[in-house]
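my_file-v3.cif (mmCIF, C-alpha atoms)
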data_my_file
loop_
_atom_site.label_atom_id
_atom_site.label_comp_id
_atom_site.auth_asym_id
_atom_site.auth_seq_id
_atom_site.Cartn_x
_atom_site.Cartn_y
_atom_site.Cartn_z
CA MET A 1 -166.94 -48.89 54.22
CA SER A 2 -169.61 -51.60 54.31
CA GLU A 3 -167.12 -54.28 53.21
CA THR A 4 -163.35 -54.35 53.28
CA LEU A 5 -160.46 -56.38 51.92
CA THR A 6 -159.12 -59.33 53.89
CA GLU A 7 -155.45 -59.41 54.90
CA PHE A 8 -154.64 -61.81 52.04
CA GLU A 9 -156.52 -59.64 49.52
CA LEU A 10 -154.70 -56.52 50.74
CA ASP A 11 -151.36 -58.32 50.49
CA THR A 12 -152.23 -59.43 46.94
CA LEU A 13 -153.28 -55.86 46.06
CA GLN A 14 -149.95 -54.57 47.39
CA GLU A 15 -148.11 -57.14 45.27
CA VAL A 16 -150.20 -56.27 42.19
CA MET A 17 -149.36 -52.58 42.70
CA ASN A 18 -145.66 -53.46 43.09
CA MET A 19 -145.76 -55.26 39.77
CA ALA A 20 -147.83 -52.52 38.13
CA PHE A 21 -145.35 -49.86 39.20
CA GLY A 22 -142.37 -51.95 38.13
CA ARG A 23 -143.84 -52.43 34.68
CA ALA A 24 -144.97 -48.79 34.58
CA ALA A 25 -141.37 -47.70 35.18
CA ALA A 26 -140.30 -49.71 32.15
CA ASP A 27 -143.18 -48.31 30.04
CA LEU A 28 -142.33 -44.74 31.08
CA ALA A 29 -138.66 -45.20 30.35
CA GLU A 30 -139.56 -46.09 26.79
CA VAL A 31 -141.79 -43.04 26.40
CA ILE A 32 -139.49 -40.39 27.86
CA ASP A 33 -136.22 -42.18 27.12
CA VAL A 34 -134.66 -41.82 30.57
CA PHE A 35 -134.11 -44.33 33.35
CA VAL A 36 -137.15 -44.28 35.65
CA GLN A 37 -137.20 -45.49 39.19
CA LEU A 38 -140.54 -46.00 40.86
CA ASN A 39 -140.11 -47.00 44.49
CA ALA A 40 -142.21 -49.86 45.84
CA PRO A 41 -145.61 -48.35 46.56
CA ASP A 42 -147.12 -48.37 50.01
CA VAL A 43 -150.81 -49.33 49.64
CA GLU A 44 -153.66 -48.60 52.05
CA VAL A 45 -157.44 -48.75 51.69
CA VAL A 46 -159.62 -46.10 53.39
CA SER A 47 -163.27 -45.07 53.14
CA LEU A 48 -164.10 -41.87 51.28
CA ASP A 49 -165.24 -40.45 54.60
CA GLU A 50 -161.71 -40.78 55.97
CA LEU A 51 -159.89 -39.80 52.78
CA GLU A 52 -159.42 -36.08 53.39
CA SER A 53 -158.04 -36.59 56.91
CA HIS A 54 -155.86 -39.43 55.58
CA VAL A 55 -154.50 -37.16 52.85
CA SER A 56 -153.81 -34.30 55.28
CA MET A 57 -151.91 -36.70 57.54
CA LYS A 58 -149.72 -37.89 54.68
CA ILE A 59 -149.38 -34.49 52.98
CA PRO A 60 -149.79 -31.68 55.56
CA SER A 61 -150.01 -28.85 53.00
CA PHE A 62 -152.06 -30.80 50.48
CA GLN A 63 -154.67 -28.06 50.00
CA SER A 64 -152.18 -26.12 47.91
CA ALA A 65 -150.42 -29.10 46.35
CA ARG A 66 -150.62 -29.62 42.58
CA VAL A 67 -152.97 -32.44 41.58
CA VAL A 68 -153.64 -34.22 38.33
CA GLU A 69 -157.14 -35.71 38.34
CA GLN A 70 -158.35 -38.32 35.88
CA HIS A 71 -161.65 -40.21 35.91
CA TYR A 72 -161.99 -43.78 34.61
CA ARG A 73 -164.95 -45.95 33.68
CA GLY A 74 -165.52 -49.57 32.76
CA ASP A 75 -165.09 -52.64 34.96
CA SER A 76 -164.32 -50.18 37.74
CA ASP A 77 -165.64 -46.63 38.03
CA GLY A 78 -163.45 -44.18 39.82
CA VAL A 79 -161.01 -41.33 39.76
CA ALA A 80 -157.23 -41.21 40.05
CA LEU A 81 -155.67 -38.23 41.82
CA LEU A 82 -151.93 -37.82 41.56
CA VAL A 83 -150.59 -35.32 44.09
CA PHE A 84 -147.29 -33.55 43.50
CA PRO A 85 -145.59 -31.49 46.20
CA HIS A 86 -144.63 -27.85 45.57
CA GLY A 87 -141.65 -27.51 43.30
CA ALA A 88 -142.22 -30.79 41.49
CA GLU A 89 -143.31 -28.96 38.37
CA HIS A 90 -139.93 -27.17 38.11
CA LYS A 91 -138.01 -30.44 38.26
CA LEU A 92 -140.31 -32.03 35.72
CA VAL A 93 -140.10 -29.09 33.30
CA SER A 94 -136.32 -29.34 33.29
CA LEU A 95 -136.70 -32.91 32.13
CA PHE A 96 -138.48 -31.75 28.99
CA GLN A 97 -136.49 -28.57 28.43
CA ALA A 98 -134.27 -28.17 25.39
CA GLU A 99 -130.53 -28.46 25.97
CA ASP A 100 -129.90 -24.75 25.39
CA GLY A 101 -132.19 -24.09 28.43
CA GLU A 102 -133.65 -20.95 26.89
CA MET A 103 -135.38 -18.77 29.51
CA LEU A 104 -139.09 -18.19 28.96
CA GLU A 105 -141.30 -15.36 30.15
CA SER A 106 -143.33 -16.05 33.29
CA ASP A 107 -146.74 -16.62 31.69
CA THR A 108 -145.24 -19.15 29.35
CA VAL A 109 -143.39 -20.89 32.19
CA LEU A 110 -146.65 -21.28 34.14
CA GLU A 111 -148.43 -22.69 31.14
CA LEU A 112 -145.54 -24.99 30.45
CA GLU A 113 -145.45 -26.23 34.04
CA ASN A 114 -149.17 -27.01 33.92
CA GLU A 115 -148.79 -28.83 30.64
CA VAL A 116 -145.83 -30.83 31.86
CA LEU A 117 -147.64 -31.78 35.08
CA MET A 118 -150.67 -32.94 33.09
CA GLU A 119 -148.53 -34.85 30.64
CA VAL A 120 -146.44 -36.58 33.29
CA GLY A 121 -149.54 -37.16 35.42
CA ASN A 122 -151.42 -38.62 32.48
CA ILE A 123 -148.52 -40.92 31.65
CA LEU A 124 -148.00 -42.01 35.27
CA ILE A 125 -151.70 -42.60 35.92
CA GLY A 126 -152.13 -44.45 32.64
CA ALA A 127 -149.04 -46.56 33.25
CA CYS A 128 -149.60 -47.41 36.92
CA VAL A 129 -153.38 -47.65 37.00
CA GLY A 130 -153.51 -49.24 33.56
CA ARG A 131 -150.97 -51.88 34.51
CA MET A 132 -152.86 -52.59 37.73
CA PHE A 133 -156.12 -53.23 35.90
CA ASP A 134 -154.28 -55.26 33.24
CA LEU A 135 -152.80 -57.53 35.87
CA ILE A 136 -156.21 -58.27 37.36
CA HIS A 137 -157.81 -58.61 33.90
CA ARG A 138 -160.15 -55.67 34.26
CA THR A 139 -160.71 -53.02 31.56
CA VAL A 140 -161.16 -49.30 32.13
CA TYR A 141 -161.08 -46.28 29.84
CA TYR A 142 -159.97 -42.81 30.84
CA LEU A 143 -161.54 -39.39 30.55
CA PRO A 144 -159.18 -36.45 29.84
CA PRO A 145 -157.05 -35.41 32.83
CA ARG A 146 -157.20 -32.02 34.45
CA ALA A 147 -154.63 -30.12 36.52
CA THR A 148 -156.02 -28.82 39.78
CA GLU A 149 -155.06 -28.40 43.45
CA GLY A 150 -155.66 -30.15 46.76
CA HIS A 151 -159.21 -28.86 47.12
CA ALA A 152 -160.09 -31.57 44.57
CA PHE A 153 -160.38 -33.96 47.53
CA SER A 154 -163.15 -32.02 49.28
CA GLU A 155 -164.87 -31.57 45.90
CA LEU A 156 -165.07 -35.36 45.60
CA THR A 157 -166.94 -35.74 48.86
CA ASN A 158 -169.14 -32.67 48.27
CA SER A 159 -169.97 -33.28 44.62
CA GLY A 160 -172.38 -36.14 45.24
CA VAL A 161 -170.61 -38.22 42.59
CA PHE A 162 -169.20 -40.52 45.25
CA ALA A 163 -170.91 -41.82 48.40
CA LYS A 164 -169.41 -41.90 51.88
CA ASP A 165 -168.98 -45.66 51.79
CA ASP A 166 -167.08 -45.60 48.52
CA PHE A 167 -163.43 -46.43 49.05
CA ALA A 168 -160.03 -45.15 48.14
CA ILE A 169 -156.90 -47.12 47.47
CA THR A 170 -154.05 -44.82 48.45
CA VAL A 171 -150.64 -45.50 47.01
CA GLN A 172 -147.53 -43.64 48.08
CA THR A 173 -144.51 -43.82 45.87
CA GLN A 174 -141.40 -41.89 45.08
CA PHE A 175 -140.28 -41.69 41.51
CA SER A 176 -137.16 -40.38 39.91
CA PHE A 177 -136.29 -39.67 36.31
CA GLU A 178 -132.52 -40.03 35.94
CA ASP A 179 -131.29 -37.83 38.80
CA ARG A 180 -134.45 -35.79 39.33
CA GLU A 181 -136.26 -37.08 42.36
CA VAL A 182 -139.94 -36.26 42.55
CA SER A 183 -142.28 -37.72 45.13
CA GLY A 184 -145.94 -38.22 44.49
CA ARG A 185 -148.99 -39.79 45.98
CA LEU A 186 -151.60 -41.56 43.93
CA PHE A 187 -155.15 -41.98 45.19
CA LEU A 188 -157.67 -44.20 43.43
CA VAL A 189 -161.23 -43.50 44.57
CA ASN A 190 -163.68 -46.24 43.57
CA ARG A 191 -167.37 -46.87 43.95
CA GLN A 192 -168.27 -49.37 46.68
CA ASN A 193 -169.97 -51.50 44.01
CA SER A 194 -166.50 -52.05 42.44
CA LEU A 195 -165.33 -53.84 45.57
CA PRO A 196 -166.86 -57.31 44.90
CA SER A 197 -165.29 -57.33 41.42
CA LEU A 198 -161.94 -56.26 42.88
CA LYS A 199 -162.12 -58.99 45.55
CA THR A 200 -162.89 -61.61 42.87
CA ALA A 201 -160.04 -60.36 40.68
CA LEU A 202 -157.57 -60.53 43.58
CA ALA A 203 -158.71 -64.04 44.49
CA GLU A 204 -158.22 -65.15 40.85
CA PHE A 205 -154.88 -63.37 40.39
CA TRP A 206 -152.56 -66.09 41.65
CA ARG A 207 -154.78 -68.93 40.36
CA ASN A 208 -154.51 -67.57 36.82
CA LEU A 209 -150.74 -67.91 36.93
CA GLU A 210 -150.69 -71.61 37.78
CA MET B 1 -131.22 -84.99 51.79
CA ASN B 2 -133.58 -82.96 49.58
CA PRO B 3 -132.31 -79.69 48.14
CA ARG B 4 -133.22 -76.58 50.14
CA VAL B 5 -134.88 -73.68 48.33
CA LEU B 6 -135.19 -70.26 49.98
CA ILE B 7 -137.99 -67.93 48.83
CA VAL B 8 -137.41 -64.25 49.69
CA ASP B 9 -140.30 -61.80 49.23
CA ASP B 10 -142.01 -59.30 51.52
CA SER B 11 -145.39 -60.35 50.12
CA ALA B 12 -146.93 -63.32 51.95
CA SER B 13 -149.22 -64.03 48.98
CA ALA B 14 -146.24 -64.07 46.58
CA ARG B 15 -144.30 -66.47 48.83
CA HIS B 16 -147.43 -68.65 49.12
CA PHE B 17 -147.81 -68.72 45.33
CA ILE B 18 -144.16 -69.66 44.69
CA LYS B 19 -144.29 -72.35 47.39
CA ASN B 20 -147.41 -73.83 45.78
CA CYS B 21 -145.75 -73.87 42.37
CA LEU B 22 -142.60 -75.60 43.65
CA SER B 23 -144.26 -77.93 46.15
CA GLY B 24 -144.58 -80.81 43.67
CA ARG B 25 -140.79 -81.23 43.66
CA GLU B 26 -138.82 -83.11 46.32
CA ILE B 27 -137.34 -80.07 47.94
CA GLU B 28 -137.38 -78.38 51.33
CA LEU B 29 -138.89 -74.88 51.16
CA LEU B 30 -137.71 -72.01 53.35
CA GLU B 31 -138.98 -68.43 53.50
CA ALA B 32 -137.72 -64.95 54.36
CA LYS B 33 -139.51 -61.59 54.32
CA ASN B 34 -136.63 -59.32 53.38
CA GLY B 35 -132.97 -59.29 52.43
CA GLU B 36 -131.71 -59.18 56.01
CA GLU B 37 -133.73 -62.25 57.01
CA ALA B 38 -132.58 -63.95 53.82
CA LEU B 39 -128.91 -63.51 54.70
CA GLU B 40 -129.51 -64.88 58.21
CA THR B 41 -131.29 -67.91 56.72
CA VAL B 42 -128.51 -68.48 54.21
CA GLU B 43 -125.99 -68.55 57.12
CA THR B 44 -127.97 -71.01 59.20
CA ALA B 45 -129.83 -73.19 56.70
CA LYS B 46 -127.43 -73.15 53.71
CA PRO B 47 -130.02 -73.31 50.91
CA ASP B 48 -129.13 -74.73 47.51
CA VAL B 49 -131.13 -72.16 45.52
CA VAL B 50 -132.53 -68.71 46.38
CA PHE B 51 -135.53 -67.02 44.76
CA LEU B 52 -135.11 -63.32 45.49
CA ASP B 53 -137.50 -60.40 45.04
CA ILE B 54 -136.03 -56.94 44.48
CA THR B 55 -138.39 -54.44 46.10
CA MET B 56 -138.47 -55.24 49.81
CA PRO B 57 -138.24 -53.16 52.98
CA VAL B 58 -135.29 -53.33 55.44
CA MET B 59 -132.90 -54.65 52.76
CA ASP B 60 -133.81 -54.79 49.08
CA GLY B 61 -132.93 -57.56 46.65
CA PHE B 62 -129.98 -55.76 45.07
CA GLU B 63 -128.18 -55.34 48.37
CA ALA B 64 -129.10 -58.85 49.47
CA LEU B 65 -127.81 -60.31 46.20
CA SER B 66 -124.56 -58.40 46.45
CA ARG B 67 -123.89 -59.57 50.04
CA LEU B 68 -125.04 -63.11 49.33
CA LYS B 69 -122.64 -63.43 46.39
CA GLU B 70 -119.77 -62.10 48.54
CA ARG B 71 -120.34 -64.72 51.23
CA SER B 72 -121.74 -67.62 49.20
CA PRO B 73 -120.82 -67.13 45.56
CA ASN B 74 -121.82 -70.66 44.58
CA ILE B 75 -125.47 -70.45 45.62
CA PRO B 76 -127.48 -69.82 42.44
CA VAL B 77 -130.01 -66.97 42.66
CA VAL B 78 -133.20 -66.43 40.70
CA MET B 79 -134.13 -62.71 40.73
CA LEU B 80 -137.78 -61.73 40.45
CA THR B 81 -138.63 -58.30 39.13
CA ALA B 82 -141.44 -56.41 37.43
CA ASP B 83 -139.05 -53.69 36.27
CA VAL B 84 -137.45 -54.93 33.07
CA GLN B 85 -135.64 -51.76 32.05
CA GLN B 86 -132.27 -52.52 30.49
CA LYS B 87 -130.41 -50.81 33.33
CA THR B 88 -132.16 -53.01 35.90
CA VAL B 89 -131.48 -56.21 34.00
CA GLU B 90 -127.83 -55.24 33.56
CA ARG B 91 -127.53 -54.55 37.27
CA ILE B 92 -129.03 -57.95 38.10
CA LYS B 93 -126.55 -59.68 35.80
CA ALA B 94 -123.60 -57.64 37.04
CA LEU B 95 -124.38 -58.64 40.62
CA GLY B 96 -124.25 -62.28 39.60
CA ALA B 97 -127.80 -63.59 39.55
CA GLU B 98 -128.02 -66.75 37.48
CA VAL B 99 -131.60 -66.23 36.27
CA PHE B 100 -134.08 -63.38 36.27
CA LEU B 101 -137.81 -63.80 35.92
CA LYS B 102 -140.35 -61.12 35.13
CA LYS B 103 -143.08 -60.69 37.71
CA PRO B 104 -145.67 -62.11 37.92
CA PRO B 105 -143.89 -65.37 37.19
CA LYS B 106 -145.69 -68.34 35.65
CA LYS B 107 -145.46 -71.73 37.33
CA ASP B 108 -143.52 -73.24 34.38
CA SER B 109 -140.94 -70.45 34.49
CA LEU B 110 -140.40 -70.98 38.22
CA LEU B 111 -139.91 -74.73 37.73
CA ASP B 112 -137.56 -74.21 34.76
CA ALA B 113 -135.51 -71.72 36.80
CA LEU B 114 -135.34 -74.17 39.72
CA ASP B 115 -134.18 -76.99 37.44
CA GLN B 116 -131.56 -74.77 35.84
CA CYS B 117 -130.16 -73.76 39.23
CA LEU B 118 -130.16 -77.28 40.67
CA GLU B 119 -128.35 -78.54 37.56
CA ALA B 120 -125.79 -75.79 37.92
CA ASN B 121 -125.31 -76.96 41.48
CA GLY B 122 -124.82 -80.54 40.36
CA GLN B 123 -128.11 -81.77 41.82
#

Any chance you could put this one into structure tokens?
Amino acid sequence: MSETLTEFELDTLQEVMNMAFGRAAADLAEVIDVFVQLNAPDVEVVSLDELESHVSMKIPSFQSARVVEQHYRGDSDGVALLVFPHGAEHKLVSLFQAEDGEMLESDTVLELENEVLMEVGNILIGACVGRMFDLIHRTVYYLPPRATEGHAFSELTNSGVFAKDDFAITVQTQFSFEDREVSGRLFLVNRQNSLPSLKTALAEFWRNLE
Amino acid sequence: MNPRVLIVDDSASARHFIKNCLSGREIELLEAKNGEEALETVETAKPDVVFLDITMPVMDGFEALSRLKERSPNIPVVMLTADVQQKTVERIKALGAEVFLKKPPKKDSLLDALDQCLEANGQ
């Protein structure tokens, strides 16, 4: 990374993400009508070069993990990748299943799991990332999400869409819907040219509240 | 002696912001980074008001509030939270916080909350 965040800027970013996730929990609870707990996120900033090794350290079997990927454009250009561990889709499906719990045939279950992952991923990304950009008064719009797997990370670096000195904000959180605990990791990969705007927004964040 | 106000938040920038907002008043400002530190400070420094964040490492705000109210039930507490789900708000009230503020708090809200707590304390 040619430029990085200062300690104060990183602390402010962490606090902004805390607030974004807190508000996102409330937004989600309204949408899916269950109590949502989003644990305080743990925020780090890494260069795109280091991202894959960073991800493999945090999620050893990430290559086969389920991922929801969603690109965004506007004041910041980037992509959000929400990584779910194996088995998360089963817990999430049960959240949306009818009370009679009718058993479905396997093809339908797979389709359903994909759909639920995309839906929950879309909601979580929209809520958390949206709230983050709201708080720092930046506007982005989202392209449709897609469900994929962990190889999405190497595709990012190999696709030519992002450069090696672009950066990723990595956010680890654990979320639970009522009693169903699901952990997830959210990665926001941004162009290096978004960094000055982000630094300005973080510097203005507290000033705007006075 | 000026009233003592304890600010509890794991974020240095959040503590800095709240201190700046309250610094115009004649009060002594204290800080703690988590619930455990907050309880130690309450024992030694006996603050008159506590501003308490919820999501913190080591000991979160809910546990800190619960223990604080057991030991020092008369110290008014202002809870700061971004999660405004009904269940969370109910839990904050049930644990005995006098005020809760949505994060990020505005300067006016912080000052109003301080005044409310100091008045409740007879100051």

To one decimal place, how far is atom CA of A:Ile136 from atom CA of B:Phe51 in Å?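 Atom-to-atom, atom CA of A:Ile136 and atom CA of B:Phe51 are spaced 23.6 Å apart.
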
Would you mind listing what lies within 6 Å of B:Phe100 as a ChimeraX atom specification, with only C-alpha atoms counted and same-chain residues fewer than 5 positions away left out? /B:78-80

For C-alpha atoms, I'd like the residues from the last selection saved as a CSV table (one decimal), in the coordinates of the input.
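File again-v4.csv, as written:
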chain,number,residue,atom,x,y,z
B,78,VAL,CA,-133.2,-66.4,40.7
B,79,MET,CA,-134.1,-62.7,40.7
B,80,LEU,CA,-137.8,-61.7,40.4

Could you give me, as a ChimeraX atom specification, the residues within 9 Å of B:Arg4, counting all atoms listed in the file and dropping anything in the same chain fewer than 4 positions from it? /B:27-30,45-50

Using all atoms listed in the file, tabulate the residues of stretch 25-117 of chain B lying at most 6 Å from any atom of stretch 6-17 of chain B, each with its closest atom pair and that distance in Å to one decimal, by chain and increasing residue number, as a tab-separated table.
residue	atom	partner	partner_atom	distance
B:Leu30	CA	B:Leu6	CA	4.6
B:Glu31	CA	B:Ile7	CA	4.8
B:Ala32	CA	B:Val8	CA	4.7
B:Lys33	CA	B:Asp10	CA	4.4
B:Asn34	CA	B:Asp10	CA	5.7
B:Val50	CA	B:Leu6	CA	4.7
B:Phe51	CA	B:Ile7	CA	4.8
B:Leu52	CA	B:Val8	CA	4.9
B:Asp53	CA	B:Asp9	CA	5.2
B:Met56	CA	B:Asp10	CA	5.7

Between B:Ala120, B:Ala38, B:Val77, B:Val89, which residue has the minimum interatomic distance to chain A, considering all atoms listed in the file? B:Val89

To one decimal place, how far is atom CA of B:Gly96 from atom CA of A:Leu38 in Å? 23.1 Å

Translate the PyMOL selection byres ((chain B and resi 64) around 10) into a concrete residue list for this structure, as a ChimeraX atom specification. /B:8,34-39,52-54,59-63,65-70

Taking only C-alpha atoms into account, what are the residues of chain A at most 7 Å from chain B, put as a PyMOL selection string? chain A and resi 8+11-12+15+19+22-23+25-26+40+206+209-210
